[in-house]
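S.K.: Got a structure for you, written out below as structure tokens; questions coming shortly.
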Amino acid sequence: MERTLRAGRLATFAYFVLNGFLMGMWIVHIPAVEDRAGISHAVLGWLLLLLGGGAFVGMQIVGPLTDRLGARTVVPVSAALCSGAVVLPGLAANVWALGAALLVLGFGNGCLDVSMNAHAVQVERGYDRPVMSAFHAAFSIGGVLAALLGARTLSWGWSPAATLGAVALLGLAVAALSARALLRSERPKVSGAADPATPSPRTTPRRIWILAALAFMLMLCEGVANDWSVLQLRDVLDAPAATAALAYGAFATAMTVGRLLADRVSARFGPVAVLRHGASVAAVGLTVAALSPWIPLALIGWTVFGAGLSGCVPQLFSAAGHADQDAAGANVSRVAGLGYLGMLAGPAVIGPLTHFMPLNLTFFLPVAFCVIAAGTAGVLRASQPDSRTVEPATRP
């Protein structure tokens, strides 16, 4: 059984790396895809909303589906869908084809995101200790691999269609080979349960919506770093382009390293401490970055911001998945869905604010969100096992 659980954990790592790799390869090829489709930056910005919209829809559909069919069934199918869809933008020759391609890719990404996180919760339940943050670090590692490989294939002169087609085949292979190691669905036996043929309708608990709201705020903070950190160094501090790029690099590196360490910290001090102190550190880091008149200090601020933020969102996903074993997928889909909207809202919110104040001062909105998250971290204390009689999970 221990070997089976270990294999399930390794398979989950594979799917997280695959998801980060697929989306990273798409991001690396955005300029080439834009040129092939003959569209402007403004049009691309609108089309990226289709990517986000498709992801949100996929998340909401696949969450309950994962609860019904089991992550062992849904994860490989979602991974295959996301892998097959990644080639579509590379084939798009006009704005309509690219819009449809991004909608399908977003849908596949949303399905894989929620289903693999639901399976990660199942693995974490088997280990009976925090392991969620390391999975999210694996997603970041997948993105780094995509950046390295994508840069190489572009230097070789490969077309987006050729590269993304090869990536799609690789993704399909990983999806198929990793599927057998996934854990079987947990089937809890509830004492005094109603007839399963007539299930009672479920409503999402208020606590899940609080977790989702926190995910929205914290992933908006992450989106701000993704989209505005480089611009802040370049436009506010007049840093050279190469130096400004280090802002996002410092943030992303700190996020990855922090997530690799966050599980041990959570196991020792608890998820409440990770969220409360992590969000507080993130608020301090972003404040330093926003107010610093010196480039080196700003880079330190972005590093501290990434380190503090790194372990926060995985705690929310884990809490949502453990809140109700029977509705883990649906609850994760709520938290992931609103969180993803927050990630997209980062540029949409900060951009208009720059018409009224300097860019660095707009960062106090995400600072406020970090402070709110720190103050409401106690919501994670409600993550207690159900008082129902539950049989041990059945694994392959």
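Letters A, B, ... go to the chains of the structure tokens in the order shown; residues in each chain start at 1; ligands are counted from 1 in the same order.
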List as a list of chain:residue names the protein and nucleic acid residues near segment 43-57 of chain A, meaning an atom at most 6 Å away when only C-alpha atoms are counted, but skip any in the same chain fewer than 3 places from it.
M.R.: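 So the residues in contact are A:Ser40, A:Gln60, A:Gly99, A:Leu102, A:Leu103, A:Gly106, A:Phe107, A:Asn109, A:Gly110, A:Gly337.
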S.K.: Restricting it to all heavy atoms, dump the selection as a PDB file, in the first residue's frame.
M.R.:
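result.pdb was written with the following content:
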ATOM      1  N   SER A  40      -2.911  42.271 -33.538  1.00  0.00           N
ATOM      2  CA  SER A  40      -2.189  43.252 -32.737  1.00  0.00           C
ATOM      3  C   SER A  40      -2.151  42.811 -31.282  1.00  0.00           C
ATOM      4  O   SER A  40      -2.843  41.874 -30.867  1.00  0.00           O
ATOM      5  CB  SER A  40      -2.876  44.613 -32.834  1.00  0.00           C
ATOM      6  OG  SER A  40      -4.176  44.543 -32.249  1.00  0.00           O
ATOM      7  N   GLN A  60     -15.353  24.566 -13.429  1.00  0.00           N
ATOM      8  CA  GLN A  60     -16.661  24.377 -12.802  1.00  0.00           C
ATOM      9  C   GLN A  60     -17.323  23.065 -13.252  1.00  0.00           C
ATOM     10  O   GLN A  60     -18.079  22.456 -12.504  1.00  0.00           O
ATOM     11  CB  GLN A  60     -17.571  25.566 -13.116  1.00  0.00           C
ATOM     12  CG  GLN A  60     -17.001  26.904 -12.691  1.00  0.00           C
ATOM     13  CD  GLN A  60     -16.399  26.880 -11.309  1.00  0.00           C
ATOM     14  OE1 GLN A  60     -17.047  26.484 -10.334  1.00  0.00           O
ATOM     15  NE2 GLN A  60     -15.140  27.283 -11.200  1.00  0.00           N
ATOM     16  N   GLY A  99      -8.914  32.456 -31.579  1.00  0.00           N
ATOM     17  CA  GLY A  99      -9.872  32.568 -30.482  1.00  0.00           C
ATOM     18  C   GLY A  99     -10.453  31.224 -30.095  1.00  0.00           C
ATOM     19  O   GLY A  99     -10.547  30.880 -28.909  1.00  0.00           O
ATOM     20  N   LEU A 102      -7.748  29.111 -28.315  1.00  0.00           N
ATOM     21  CA  LEU A 102      -7.498  29.511 -26.934  1.00  0.00           C
ATOM     22  C   LEU A 102      -8.647  29.107 -26.021  1.00  0.00           C
ATOM     23  O   LEU A 102      -8.434  28.765 -24.852  1.00  0.00           O
ATOM     24  CB  LEU A 102      -7.263  31.018 -26.859  1.00  0.00           C
ATOM     25  CG  LEU A 102      -5.978  31.514 -27.528  1.00  0.00           C
ATOM     26  CD1 LEU A 102      -5.853  33.027 -27.386  1.00  0.00           C
ATOM     27  CD2 LEU A 102      -4.760  30.830 -26.929  1.00  0.00           C
ATOM     28  N   LEU A 103      -9.853  29.126 -26.545  1.00  0.00           N
ATOM     29  CA  LEU A 103     -11.000  28.689 -25.748  1.00  0.00           C
ATOM     30  C   LEU A 103     -10.864  27.210 -25.383  1.00  0.00           C
ATOM     31  O   LEU A 103     -11.074  26.813 -24.226  1.00  0.00           O
ATOM     32  CB  LEU A 103     -12.288  28.932 -26.527  1.00  0.00           C
ATOM     33  CG  LEU A 103     -13.606  28.699 -25.771  1.00  0.00           C
ATOM     34  CD1 LEU A 103     -13.740  29.684 -24.623  1.00  0.00           C
ATOM     35  CD2 LEU A 103     -14.789  28.833 -26.726  1.00  0.00           C
ATOM     36  N   GLY A 106      -7.863  26.737 -22.965  1.00  0.00           N
ATOM     37  CA  GLY A 106      -8.239  27.164 -21.626  1.00  0.00           C
ATOM     38  C   GLY A 106      -9.138  26.146 -20.943  1.00  0.00           C
ATOM     39  O   GLY A 106      -8.964  25.850 -19.751  1.00  0.00           O
ATOM     40  N   PHE A 107     -10.078  25.586 -21.694  1.00  0.00           N
ATOM     41  CA  PHE A 107     -10.977  24.573 -21.128  1.00  0.00           C
ATOM     42  C   PHE A 107     -10.171  23.367 -20.652  1.00  0.00           C
ATOM     43  O   PHE A 107     -10.377  22.863 -19.538  1.00  0.00           O
ATOM     44  CB  PHE A 107     -12.012  24.158 -22.175  1.00  0.00           C
ATOM     45  CG  PHE A 107     -13.014  23.161 -21.671  1.00  0.00           C
ATOM     46  CD1 PHE A 107     -14.131  23.589 -20.956  1.00  0.00           C
ATOM     47  CD2 PHE A 107     -12.862  21.806 -21.903  1.00  0.00           C
ATOM     48  CE1 PHE A 107     -15.063  22.671 -20.489  1.00  0.00           C
ATOM     49  CE2 PHE A 107     -13.779  20.890 -21.443  1.00  0.00           C
ATOM     50  CZ  PHE A 107     -14.881  21.323 -20.728  1.00  0.00           C
ATOM     51  N   ASN A 109      -7.006  23.252 -19.858  1.00  0.00           N
ATOM     52  CA  ASN A 109      -6.173  23.643 -18.728  1.00  0.00           C
ATOM     53  C   ASN A 109      -6.986  23.691 -17.438  1.00  0.00           C
ATOM     54  O   ASN A 109      -6.527  23.237 -16.383  1.00  0.00           O
ATOM     55  CB  ASN A 109      -5.545  25.009 -19.006  1.00  0.00           C
ATOM     56  CG  ASN A 109      -4.702  25.509 -17.849  1.00  0.00           C
ATOM     57  OD1 ASN A 109      -3.839  24.804 -17.350  1.00  0.00           O
ATOM     58  ND2 ASN A 109      -4.969  26.728 -17.403  1.00  0.00           N
ATOM     59  N   GLY A 110      -8.199  24.227 -17.507  1.00  0.00           N
ATOM     60  CA  GLY A 110      -9.053  24.285 -16.329  1.00  0.00           C
ATOM     61  C   GLY A 110      -9.430  22.903 -15.822  1.00  0.00           C
ATOM     62  O   GLY A 110      -9.435  22.649 -14.611  1.00  0.00           O
ATOM     63  N   GLY A 337     -11.356  28.238  -9.308  1.00  0.00           N
ATOM     64  CA  GLY A 337     -12.019  29.091 -10.291  1.00  0.00           C
ATOM     65  C   GLY A 337     -11.923  30.564  -9.933  1.00  0.00           C
ATOM     66  O   GLY A 337     -11.529  31.397 -10.759  1.00  0.00           O
TER      67      GLY A 337
END
S.K.: Kindly provide the residues of segment 168-264 of chain A that approach segment 365-378 of chain A to within 9 Å, each paired with its closest atom pair and their distance in Å to one decimal, based on only C-alpha atoms, listed by chain and increasing number, as JSON lines.
M.R.:
{"residue": "A:Leu214", "atom": "CA", "partner": "A:Ala373", "partner_atom": "CA", "distance": 6.2}
{"residue": "A:Met217", "atom": "CA", "partner": "A:Phe369", "partner_atom": "CA", "distance": 5.6}
{"residue": "A:Leu218", "atom": "CA", "partner": "A:Cys370", "partner_atom": "CA", "distance": 6.7}
{"residue": "A:Leu220", "atom": "CA", "partner": "A:Pro366", "partner_atom": "CA", "distance": 7.3}
{"residue": "A:Cys221", "atom": "CA", "partner": "A:Pro366", "partner_atom": "CA", "distance": 5.2}
{"residue": "A:Glu222", "atom": "CA", "partner": "A:Pro366", "partner_atom": "CA", "distance": 8.9}
{"residue": "A:Val224", "atom": "CA", "partner": "A:Pro366", "partner_atom": "CA", "distance": 7.8}
S.K.: Would you mind exporting C-alpha atoms of the selected residues as a PDB file, in the first residue's frame?
M.R.:
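Now in again.pdb:
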ATOM      1  CA  LEU A 214      -8.937  34.536  -0.278  1.00  0.00           C
ATOM      2  CA  MET A 217      -7.088  38.051  -3.543  1.00  0.00           C
ATOM      3  CA  LEU A 218      -3.826  36.118  -3.215  1.00  0.00           C
ATOM      4  CA  LEU A 220      -4.453  38.541  -7.897  1.00  0.00           C
ATOM      5  CA  CYS A 221      -1.294  39.420  -5.967  1.00  0.00           C
ATOM      6  CA  GLU A 222       0.568  36.747  -7.915  1.00  0.00           C
ATOM      7  CA  VAL A 224       0.393  41.590 -10.253  1.00  0.00           C
TER       8      VAL A 224
END
S.K.: Need to verify the contact set: segment 150-159 of chain A, 10 Å, only C-alpha atoms, exclusion of same-chain residues closer than 5 positions in sequence. Can you return it as a PyMOL selection string?
M.R.: chain A and resi 21+24-29+32-33+36+90-91+144-145+164-165
S.K.: Might you pull out every residue within 9 Å of Gly70 of chain A, with only C-alpha atoms counted and same-chain residues fewer than 6 positions away left off, and present them as a ChimeraX atom specification?
M.R.: /A:115,119,184-186,329
S.K.: Output C-alpha atoms for every residue in the selection just made, as a PDB file, in the first residue's frame.
M.R.:
ATOM      1  CA  SER A 115      -8.759  17.346 -11.337  1.00  0.00           C
ATOM      2  CA  HIS A 119      -6.086  13.982  -6.731  1.00  0.00           C
ATOM      3  CA  ARG A 184      -8.495   4.798  -6.955  1.00  0.00           C
ATOM      4  CA  SER A 185     -11.448   6.861  -5.816  1.00  0.00           C
ATOM      5  CA  GLU A 186     -12.171   6.979  -2.116  1.00  0.00           C
ATOM      6  CA  GLY A 329     -13.550  18.189  -6.553  1.00  0.00           C
TER       7      GLY A 329
END
S.K.: Among segment 60-302 of chain A, which residues does DSSP mark as helix (DSSP H, G or I) when it is run on the backbone? Keep the chain and numbering as in the structure and answer as a ChimeraX atom specification.
M.R.: /A:60-69,71-85,88-91,95-127,132-155,160-179,206-236,241-269,271-291,295-302
S.K.: Taking 2 positions as the minimum chain separation for residues in the same chain, which residues sit within 10 Å of Ala319 of chain A when counting only C-alpha atoms? Answer as an MDAnalysis selection string.
M.R.: chainID A and resid 121 207:208 211 271 313:317 321:324 328 331:332 335 379:384
S.K.: Taking into account only C-alpha atoms, which residue in the set A:Leu237, A:Leu309, A:Ala176, A:Ala320 is nearest to Asn360 of chain A?
M.R.: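 Smallest distance to Asn360 of chain A is found for A:Leu237.
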S.K.: Choose the residue, out of A:Leu98, A:Ala345, A:Ala162, A:Val236, that has the smallest atom-to-atom separation from Leu291 of chain A; count only C-alpha atoms.
M.R.: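 With only C-alpha atoms as the atom set, the closest residue is A:Val236.
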S.K.: What's around Ala298 of chain A at 12 Å? Count only C-alpha atoms, leave out sequence neighbours fewer than 5 positions away in its own chain, and write the answer as JSON, numbers by chain.
M.R.: {"A": [229, 230, 232, 233, 234, 236, 237, 239, 243, 244, 246, 247, 248, 250, 251, 284, 285, 286, 287, 288, 289, 290, 291, 292, 293, 303, 304, 305, 360]}
S.K.: Can you measure atom CA of Gly8 of chain A to atom CA of Val123 of chain A for me? One decimal in Å is fine.
M.R.: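 Pair atom CA of Gly8 of chain A / atom CA of Val123 of chain A returns 6.9 Å.
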